[in-house]
Amino acid sequence: MIEELRIRDLGVIADATLPLGPGLSVVTGETGAGKTMVVTALGLLLGGRSDAGAVRVGAKSALAEASVRLEQGHAAVERALEAGADVEEHDGAAELIVARTVGADGRSRAHLGGRSAPVGALAEVGQQLVVIHGQSEQLRLKSAAAQREALDRFAGEEFAARLGEYTALYARWVGAQRELNELTSASRERIREAESLEQALEEIAAVDPQPGEDDELKAESLRLSNLEGLRLAAQQAHEALVAEDFGEAGDATTLVDAAKRALDHVSEHDPALAAASVRLAEIGYVLADVARELASYGASLDAEGPQRLAEVEERRAALGALVRKYAPSVDEVIAWAEAGQKRLYELQDDGGRIDVLTEQVARDEEKLRTLAAELTSRRRDAAAELAERVSAELTALAMPDATLQVSVDETSELGPLGSDEVAILLRPHAGAPARVLGKGASGGELSRVMLAIEVVLAAVDPVPTFVFDEVDAGVGGRAAVEIGRRLAMLARHVQVLVVTHLPQVAAFADRHIRVTKTSVAAGDPGDRAGGVAGFTSSDVALLAEDERVVELARMLAGQEDSASARAHAQELLDDARGDRGGTSEGLASGGATEATGATRRGGRVRAGKR
């Protein structure tokens with residue numbers, strides 16, 4: 001809900017802070033005092049169109065700012081966080097500051113949680129926060145989608161569960177249809193893809209590359225390309241180790257053996273020389289092993305030659321061709337082939353997959369039509385009850401001949417939410433044709449229609465704040481009392497702010513805000529209009545109990561000092577308190593049921609406490 005609304009330099013309001021809270025708040029004042037600036041400010045916070053003409057004369061800009069308190073996880077909070085807003089947490093609730101400034105040049109800026117944000121983001125958050133009903137505001141139930149959504153909420157939890165089952169099945173059905181269409185419509189392309197893929201896999205299979213083979217062949221090619229140098233080095237090393245004729249010094253093996261034998265003669269006299277003799281013996285074994293390996297290596301080189309090098313290069317060329325065509329390396333070619341084989345299986349299985357999908361689509365469509373028919377039946381039951389209850393409310397709101405109709409027309413097409421077209425229609429009087437909401441009714445009548453709808457939908461509506469402007473236009477007497485009573489009933493579930501000129505309505509308020517118009521002469525100390533003579537400004541004040549009596553007396557008779565008017569005003573307040581503080585009673589007309597903490601329909605209880 002909105003805890004506080006601040007307005008600065010908007011219209012005739014110089015600077016005002018409206019302390020709001022739960023329940024019903026009313027705004028009253030003389031005609032032209034600036035009451036509608038409250039609605040204008042809220043409209044700006046909802047992302048409405050900015051108008052430089054609304055900026056107070058002499059001011060550089062106008063400001064509308066609201067402090068909002070919501071439950072954690074509320075859709076408005078989530079959207080504000082997505083937009084980068086800073087949201088504070090206090091006592092387990094989220095607190096959000098929403099602001100909009102409009103410059104005298106017509107430019108506007110929006111802020112969410114102290115951060116600059118697009119006006120579009122402000123509008124998206126505002127739609128989750130406030131609903132305004134007034135002559136200049138668009139109906140929130142104007143679109144067919146919004147009307148269907150309202151009816152579905154009214155239909156209850158069992159309907160919501162069945163609708164969820166339908167939407168999940170519909171998503172699967174659409175996905176299967178899409179895949180089936182792709183398989184059938186792109187069959188030629190898929191056949192060509194399969195042929196191309198099969199050819200590529202045959203080419204790769206013919207070469208049969210092995211993991212890491214390219215690196216191994218590269219190393220072998222390098223060795224074979226330097227065969228003569230390798231053979232010579234191995235031969236020389238072998239001869240240095242063991243040679244029949246290596247000059248006077250002898251080969252390495254002979255020298256090591258001679259050294260060992262020299263030490264063997266004296267090793268028994270010194271352990272150090274004995275150890276050296278052992279180590280020389282080990283060296284002799286190692287030299288003999290290396291000599292044998294070099295001999296074997298040389299023999300293997302003799303077995304290899306240009307023929308093997310040609311084979312290696314040919315193999316490398318075959319692998320290189322695959323790499324150039326399919327992947328950057330041999331290992332990636334192998335991976336590509338594995339993935340290609342799986343894709344080929346899918347393409348070759350098109351016929352079987354088409355059969356499976358065809359059967360699934362038909363089976364799911366049959367289930368969907370059964371569910372859609374059930375949704376239609378439940379919607380029609382809910383539509384009849386909604387129309388009956390709203391029509392009963394209209395009778396009590398000085399529209400006795402008006403009736404609401406909620407039509408649910410079943411179509412042959414399955415949609416994501418069923419097969420129904422929902423329309424909320426208003427028949428303003430007997431004999432008149434039913435027309436869509438917003439047509440065939442005045443602004444005041446339309447506000448009353450929306451009040452009747454909101455009272456009935458209050459227990460299931462997700463929007464925390466409702467604003468009514470001109471809801472009491474053209475009515476008085478008992479009808480005005482009924483309007484006040486229903487606004488108070490609606491305020492049991494949501495926050496309600498009403499701009500009114502009727503004392504019968506204002507008497508039901510939890511808090512009463514008065515807008516007072518004053519004229520400021522140029523040069524006066526309080527003049528903020530830049531010296532414009534005769535400039536008008538407005539003050540906004542939250543009234544205490546005795547001040548409410550005075551204001552209601554003014555609204556009743558225009559004589560706030562009259563004792564009889566004040567007595568009548570006090571009587572209005574007392575009667576309203578009795579109405580609001582009493583136990584649940586049937587509403588005044590049409591047998592409507594009071595929309596208190598819970599409403600019952602079809603044997604089910606829907607919780608209405610927000």
# chains A, B, ... in the order shown; residues from 1 in each chain; ligands from 1
call {"tool": "residues_around", "arguments": {"residues": "A:Asp331", "least_positions_apart": "6", "cutoff": "9 Å", "atoms": "only C-alpha atoms", "output": "list in words"}}
result
Pro209, Gln210, Pro211, Gly212, Glu213 and Asp214 of chain A
call {"tool": "select_by_dssp", "arguments": {"residues": "stretch 277-446 of chain A", "states": "strand (DSSP E)", "output": "list in words"}}
result
Thr403, Leu404, Gln405, Val406, Ser407, Val408, Asp409, Glu410, Thr411, Ser412, Glu413, Leu414, Gly415, Gly418, Ser419, Asp420, Glu421, Val422, Ala423, Ile424, Leu425, Leu426, Arg427, Arg435 and Val436 of chain A
call {"tool": "write_last_selection", "arguments": {"atoms": "N, CA, C and O atoms", "output": "CSV table (one decimal), in the first residue's frame"}}
result
chain,number,residue,atom,x,y,z
A,403,THR,N,-27.7,-3.6,-15.5
A,403,THR,CA,-27.3,-5.0,-15.3
A,403,THR,C,-25.9,-5.3,-16.0
A,403,THR,O,-25.7,-4.7,-17.0
A,404,LEU,N,-25.2,-6.1,-15.3
A,404,LEU,CA,-23.9,-6.5,-15.9
A,404,LEU,C,-24.0,-7.9,-16.5
A,404,LEU,O,-24.7,-8.8,-15.9
A,405,GLN,N,-23.5,-8.1,-17.7
A,405,GLN,CA,-23.5,-9.4,-18.3
A,405,GLN,C,-22.0,-9.8,-18.6
A,405,GLN,O,-21.2,-9.0,-19.0
A,406,VAL,N,-21.8,-11.0,-18.3
A,406,VAL,CA,-20.5,-11.6,-18.6
A,406,VAL,C,-20.7,-12.8,-19.5
A,406,VAL,O,-21.2,-13.8,-19.1
A,407,SER,N,-20.3,-12.6,-20.8
A,407,SER,CA,-20.5,-13.6,-21.8
A,407,SER,C,-19.2,-14.5,-21.9
A,407,SER,O,-18.1,-13.9,-21.9
A,408,VAL,N,-19.4,-15.8,-22.0
A,408,VAL,CA,-18.4,-16.7,-22.3
A,408,VAL,C,-18.7,-17.5,-23.5
A,408,VAL,O,-19.6,-18.3,-23.5
A,409,ASP,N,-18.1,-17.2,-24.6
A,409,ASP,CA,-18.4,-17.8,-25.9
A,409,ASP,C,-17.3,-18.8,-26.3
A,409,ASP,O,-16.1,-18.5,-26.4
A,410,GLU,N,-17.7,-20.1,-26.4
A,410,GLU,CA,-16.7,-21.1,-26.8
A,410,GLU,C,-16.5,-21.1,-28.3
A,410,GLU,O,-17.4,-21.0,-29.1
A,411,THR,N,-15.2,-21.2,-28.6
A,411,THR,CA,-14.8,-21.2,-30.0
A,411,THR,C,-14.2,-22.6,-30.3
A,411,THR,O,-14.0,-23.4,-29.5
A,412,SER,N,-14.0,-22.8,-31.6
A,412,SER,CA,-13.4,-24.1,-32.0
A,412,SER,C,-11.9,-24.1,-31.9
A,412,SER,O,-11.3,-25.2,-32.0
A,413,GLU,N,-11.3,-22.9,-31.7
A,413,GLU,CA,-9.9,-22.9,-31.7
A,413,GLU,C,-9.4,-23.0,-30.2
A,413,GLU,O,-9.9,-22.4,-29.3
A,414,LEU,N,-8.3,-23.8,-30.1
A,414,LEU,CA,-7.7,-24.0,-28.8
A,414,LEU,C,-6.7,-22.9,-28.6
A,414,LEU,O,-5.8,-22.7,-29.5
A,415,GLY,N,-6.7,-22.3,-27.5
A,415,GLY,CA,-5.7,-21.3,-27.2
A,415,GLY,C,-4.9,-21.6,-25.9
A,415,GLY,O,-5.2,-22.6,-25.3
A,418,GLY,N,-7.5,-21.8,-23.0
A,418,GLY,CA,-8.7,-22.5,-23.3
A,418,GLY,C,-9.2,-22.1,-24.7
A,418,GLY,O,-8.5,-21.6,-25.5
A,419,SER,N,-10.5,-22.2,-24.8
A,419,SER,CA,-11.1,-21.9,-26.2
A,419,SER,C,-12.2,-20.9,-26.0
A,419,SER,O,-13.2,-20.8,-26.8
A,420,ASP,N,-12.2,-20.0,-25.0
A,420,ASP,CA,-13.3,-19.1,-24.7
A,420,ASP,C,-12.9,-17.7,-25.0
A,420,ASP,O,-11.8,-17.2,-24.9
A,421,GLU,N,-13.9,-16.9,-25.4
A,421,GLU,CA,-13.8,-15.5,-25.6
A,421,GLU,C,-14.7,-14.9,-24.5
A,421,GLU,O,-15.9,-15.1,-24.5
A,422,VAL,N,-14.1,-14.1,-23.6
A,422,VAL,CA,-14.8,-13.5,-22.5
A,422,VAL,C,-15.0,-12.0,-22.7
A,422,VAL,O,-14.1,-11.3,-23.1
A,423,ALA,N,-16.3,-11.6,-22.4
A,423,ALA,CA,-16.6,-10.2,-22.6
A,423,ALA,C,-17.5,-9.7,-21.4
A,423,ALA,O,-18.4,-10.4,-21.1
A,424,ILE,N,-17.1,-8.6,-20.8
A,424,ILE,CA,-17.9,-8.0,-19.7
A,424,ILE,C,-18.7,-6.9,-20.4
A,424,ILE,O,-18.1,-5.9,-20.9
A,425,LEU,N,-20.0,-7.0,-20.3
A,425,LEU,CA,-20.9,-6.0,-21.0
A,425,LEU,C,-21.8,-5.3,-20.0
A,425,LEU,O,-22.2,-5.9,-18.9
A,426,LEU,N,-22.2,-4.1,-20.2
A,426,LEU,CA,-23.1,-3.4,-19.4
A,426,LEU,C,-24.4,-3.0,-20.1
A,426,LEU,O,-24.3,-2.4,-21.2
A,427,ARG,N,-25.5,-3.3,-19.6
A,427,ARG,CA,-26.8,-2.8,-20.1
A,427,ARG,C,-27.3,-1.7,-19.2
A,427,ARG,O,-27.7,-2.0,-18.0
A,435,ARG,N,-23.6,-3.3,-23.9
A,435,ARG,CA,-22.4,-2.8,-24.6
A,435,ARG,C,-21.2,-3.0,-23.8
A,435,ARG,O,-21.3,-3.2,-22.6
A,436,VAL,N,-20.0,-2.9,-24.5
A,436,VAL,CA,-18.8,-3.2,-23.8
A,436,VAL,C,-18.6,-2.1,-22.7
A,436,VAL,O,-19.1,-1.0,-22.8
call {"tool": "residues_around", "arguments": {"residues": "stretch 391-398 of chain A", "least_positions_apart": "2", "cutoff": "10 Å", "atoms": "only C-alpha atoms", "output": "number ranges by chain"}}
result
A: 385-389, 400-405, 426-428, 445, 448-453, 455-456, 471-472, 474-484, 486, 587-594
call {"tool": "residues_around", "arguments": {"residues": "A:Ser562", "least_positions_apart": "5", "cutoff": "10 Å", "atoms": "only C-alpha atoms", "output": "list in words"}}
result
Val550, Ala553, Arg554, Ala557, Ala567 and His568 of chain A
call {"tool": "residues_around", "arguments": {"residues": "A:Glu359", "least_positions_apart": "6", "cutoff": "12 Å", "atoms": "only C-alpha atoms", "output": "list in words"}}
result
Trp173, Ala176, Gln177, Leu180, Gly352, Arg353, Glu365 and Glu366 of chain A
